[in-house]
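Novice: Provided below: model-v8.txt, containing compact mmCIF, N, CA and C atoms.
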# COMPACT_ATOMS: atom_id res chain seq x y z
N MET A 29 2.50 -24.26 4.20
CA MET A 29 1.17 -23.70 4.09
C MET A 29 1.10 -22.30 4.71
N ARG A 30 1.87 -22.10 5.76
CA ARG A 30 1.85 -20.81 6.44
C ARG A 30 2.40 -19.70 5.55
N ALA A 31 3.40 -20.02 4.71
CA ALA A 31 3.98 -19.01 3.83
C ALA A 31 2.95 -18.49 2.83
N VAL A 32 2.06 -19.35 2.39
CA VAL A 32 1.01 -18.92 1.46
C VAL A 32 0.06 -17.96 2.16
N ARG A 33 -0.32 -18.27 3.36
CA ARG A 33 -1.22 -17.41 4.12
C ARG A 33 -0.55 -16.07 4.42
N ASP A 34 0.73 -16.10 4.78
CA ASP A 34 1.46 -14.86 5.06
C ASP A 34 1.55 -13.99 3.81
N ARG A 35 1.75 -14.61 2.66
CA ARG A 35 1.84 -13.85 1.42
C ARG A 35 0.49 -13.19 1.10
N GLY A 36 -0.60 -13.89 1.37
CA GLY A 36 -1.92 -13.31 1.15
C GLY A 36 -2.18 -12.12 2.05
N ILE A 37 -1.75 -12.22 3.29
CA ILE A 37 -1.91 -11.12 4.23
C ILE A 37 -1.03 -9.95 3.81
N ARG A 38 0.18 -10.24 3.34
CA ARG A 38 1.08 -9.19 2.88
C ARG A 38 0.49 -8.46 1.68
N LYS A 39 -0.09 -9.19 0.73
CA LYS A 39 -0.72 -8.58 -0.44
C LYS A 39 -1.88 -7.69 -0.01
N PHE A 40 -2.69 -8.18 0.93
CA PHE A 40 -3.84 -7.41 1.40
C PHE A 40 -3.40 -6.12 2.07
N LEU A 41 -2.40 -6.21 2.94
CA LEU A 41 -1.93 -5.02 3.65
C LEU A 41 -1.28 -4.02 2.71
N ALA A 42 -0.53 -4.51 1.73
CA ALA A 42 0.11 -3.61 0.76
C ALA A 42 -0.94 -2.89 -0.08
N ALA A 43 -1.95 -3.62 -0.53
CA ALA A 43 -3.03 -3.00 -1.31
C ALA A 43 -3.80 -2.00 -0.46
N LEU A 44 -4.03 -2.34 0.78
CA LEU A 44 -4.74 -1.44 1.69
C LEU A 44 -3.95 -0.16 1.94
N ALA A 45 -2.65 -0.26 2.07
CA ALA A 45 -1.82 0.93 2.27
C ALA A 45 -1.87 1.83 1.04
N GLY A 46 -1.78 1.25 -0.15
CA GLY A 46 -1.85 2.04 -1.37
C GLY A 46 -3.19 2.72 -1.53
N LEU A 47 -4.26 2.00 -1.24
CA LEU A 47 -5.60 2.59 -1.34
C LEU A 47 -5.81 3.69 -0.30
N ALA A 48 -5.24 3.52 0.88
CA ALA A 48 -5.37 4.55 1.91
C ALA A 48 -4.67 5.84 1.48
N VAL A 49 -3.51 5.71 0.87
CA VAL A 49 -2.79 6.90 0.40
C VAL A 49 -3.62 7.60 -0.68
N ILE A 50 -4.17 6.84 -1.60
CA ILE A 50 -5.00 7.44 -2.65
C ILE A 50 -6.24 8.09 -2.06
N TYR A 51 -6.89 7.43 -1.12
CA TYR A 51 -8.11 7.99 -0.52
C TYR A 51 -7.81 9.31 0.21
N PHE A 52 -6.82 9.29 1.08
CA PHE A 52 -6.53 10.49 1.85
C PHE A 52 -5.90 11.58 0.99
N GLY A 53 -5.26 11.20 -0.09
CA GLY A 53 -4.69 12.18 -1.00
C GLY A 53 -5.74 12.91 -1.82
N THR A 54 -6.84 12.23 -2.13
CA THR A 54 -7.90 12.87 -2.92
C THR A 54 -8.98 13.47 -2.04
N ALA A 55 -9.13 13.03 -0.82
CA ALA A 55 -10.19 13.52 0.06
C ALA A 55 -9.94 14.96 0.51
N GLY A 56 -8.70 15.39 0.56
CA GLY A 56 -8.39 16.72 1.05
C GLY A 56 -8.37 17.80 -0.01
N ARG A 57 -8.69 17.47 -1.24
CA ARG A 57 -8.63 18.45 -2.33
C ARG A 57 -9.89 19.30 -2.37
N SER A 58 -9.71 20.53 -2.77
CA SER A 58 -10.87 21.42 -2.93
C SER A 58 -11.50 21.20 -4.30
N ALA A 59 -12.67 21.76 -4.51
CA ALA A 59 -13.40 21.57 -5.76
C ALA A 59 -12.68 22.20 -6.95
N GLU A 60 -11.95 23.30 -6.71
CA GLU A 60 -11.24 23.96 -7.80
C GLU A 60 -10.07 23.13 -8.32
N GLU A 61 -9.47 22.32 -7.48
CA GLU A 61 -8.32 21.52 -7.88
C GLU A 61 -8.71 20.29 -8.67
N GLY A 62 -9.95 19.90 -8.61
CA GLY A 62 -10.39 18.70 -9.30
C GLY A 62 -10.30 17.48 -8.40
N ARG A 63 -10.92 16.41 -8.84
CA ARG A 63 -10.96 15.20 -8.02
C ARG A 63 -10.11 14.07 -8.59
N GLY A 64 -9.36 14.31 -9.64
CA GLY A 64 -8.57 13.26 -10.27
C GLY A 64 -7.31 12.92 -9.51
N LEU A 65 -6.69 11.84 -9.95
CA LEU A 65 -5.43 11.42 -9.36
C LEU A 65 -4.27 12.08 -10.09
N SER A 66 -3.31 12.53 -9.35
CA SER A 66 -2.11 13.07 -9.98
C SER A 66 -1.08 11.94 -10.08
N GLY A 67 -0.11 12.14 -10.94
CA GLY A 67 0.94 11.14 -11.09
C GLY A 67 1.75 10.96 -9.82
N GLY A 68 1.97 12.05 -9.11
CA GLY A 68 2.73 11.98 -7.86
C GLY A 68 2.01 11.19 -6.79
N LEU A 69 0.70 11.30 -6.78
CA LEU A 69 -0.08 10.56 -5.79
C LEU A 69 -0.04 9.06 -6.07
N VAL A 70 -0.07 8.70 -7.33
CA VAL A 70 0.02 7.29 -7.70
C VAL A 70 1.38 6.73 -7.32
N VAL A 71 2.44 7.49 -7.57
CA VAL A 71 3.78 7.05 -7.20
C VAL A 71 3.91 6.91 -5.70
N LEU A 72 3.34 7.85 -4.96
CA LEU A 72 3.37 7.78 -3.49
C LEU A 72 2.61 6.56 -2.98
N ALA A 73 1.49 6.23 -3.60
CA ALA A 73 0.73 5.05 -3.20
C ALA A 73 1.52 3.78 -3.48
N LEU A 74 2.20 3.72 -4.62
CA LEU A 74 3.03 2.56 -4.93
C LEU A 74 4.19 2.42 -3.95
N LEU A 75 4.79 3.53 -3.60
CA LEU A 75 5.89 3.49 -2.62
C LEU A 75 5.40 3.03 -1.25
N ALA A 76 4.22 3.47 -0.86
CA ALA A 76 3.65 3.03 0.43
C ALA A 76 3.36 1.53 0.40
N ALA A 77 2.83 1.03 -0.71
CA ALA A 77 2.55 -0.39 -0.82
C ALA A 77 3.84 -1.21 -0.79
N LEU A 78 4.87 -0.74 -1.48
CA LEU A 78 6.15 -1.44 -1.46
C LEU A 78 6.80 -1.42 -0.08
N LEU A 79 6.65 -0.32 0.63
CA LEU A 79 7.19 -0.23 1.98
C LEU A 79 6.50 -1.23 2.91
N VAL A 80 5.19 -1.31 2.82
CA VAL A 80 4.45 -2.27 3.65
C VAL A 80 4.84 -3.70 3.27
N TRP A 81 4.98 -3.97 1.97
CA TRP A 81 5.38 -5.30 1.51
C TRP A 81 6.75 -5.67 2.08
N HIS A 82 7.66 -4.70 2.08
CA HIS A 82 9.02 -4.94 2.58
C HIS A 82 9.02 -5.13 4.11
N LEU A 83 8.28 -4.32 4.81
CA LEU A 83 8.29 -4.37 6.28
C LEU A 83 7.56 -5.58 6.85
N THR A 84 6.68 -6.20 6.09
CA THR A 84 5.91 -7.33 6.61
C THR A 84 6.45 -8.67 6.13
N ARG A 85 7.64 -8.69 5.53
CA ARG A 85 8.18 -9.97 5.06
C ARG A 85 8.58 -10.82 6.28
N PRO A 86 8.44 -12.12 6.13
CA PRO A 86 8.87 -13.00 7.20
C PRO A 86 10.38 -12.93 7.35
N GLY A 87 10.85 -12.98 8.55
CA GLY A 87 12.29 -12.81 8.75
C GLY A 87 12.97 -14.03 9.32
N GLY A 88 14.19 -14.22 8.90
CA GLY A 88 15.07 -15.19 9.50
C GLY A 88 14.65 -16.64 9.36
N ASP A 89 15.05 -17.45 10.35
CA ASP A 89 14.81 -18.87 10.33
C ASP A 89 13.40 -19.25 10.76
N ALA A 90 12.68 -18.35 11.37
CA ALA A 90 11.34 -18.67 11.84
C ALA A 90 10.38 -18.94 10.69
N ALA A 91 10.66 -18.37 9.52
CA ALA A 91 9.77 -18.57 8.38
C ALA A 91 10.05 -19.89 7.66
N LYS A 92 11.17 -20.50 7.92
CA LYS A 92 11.54 -21.74 7.20
C LYS A 92 10.94 -22.94 7.82
Starting from the file, lay out its structure as structure tokens.
Specialist:
Amino acid sequence: MRAVRDRGIRKFLAALAGLAVIYFGTAGRSAEEGRGLSGGLVVLALLAALLVWHLTRPGGDAAK
């Protein structure tokens, strides 16, 4: 049962990291640059989410 809860927390944290990258990436733009998302920003958000997913995985025998 604990593994299910841990996976839910991992999904939440990964999504939160991706959204934070998108928010801070678009909040600093000036009006002339536009308010849209660039492809690079989306890739960076995905990489941040994957990094958080990887770093929060349960480790070793304690998860079994």
Novice: For A:Ala76, which residue among A:Gly64, A:Gly46, A:Gly36, A:Gly53 is the nearest when counting only N, CA and C atoms?
Specialist: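 Closest residue, counting only N, CA and C atoms: A:Gly46.
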Novice: Could you please determine the separation between atom CA of A:Ala43 and atom CA of A:Ala77 in Å, to one decimal place?
Specialist: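 A separation of 6.2 Å between them.
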Novice: Any idea what the distance is between atom CA of A:Ala42 and atom CA of A:Gly68?
Specialist: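 Calculated distance between atom CA of A:Ala42 and atom CA of A:Gly68 is 18.0 Å.
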Novice: Within 8 Å of (-0.7, 5.3, 0.3), only N, CA and C atoms: residues as a list in words?
Specialist: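 Selection result: Ala43, Leu44, Ala45, Gly46, Leu47, Ala48, Val49, Ile50, Tyr51, Phe52, Gly53, Leu69, Val71, Leu72, Ala73, Leu74, Leu75, Ala76 and Ala77 of chain A.
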Novice: What gap, in Å, lies between atom CA of A:Thr54 and atom CA of A:Ser66?
Specialist: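 These two atoms are separated by 9.1 Å.
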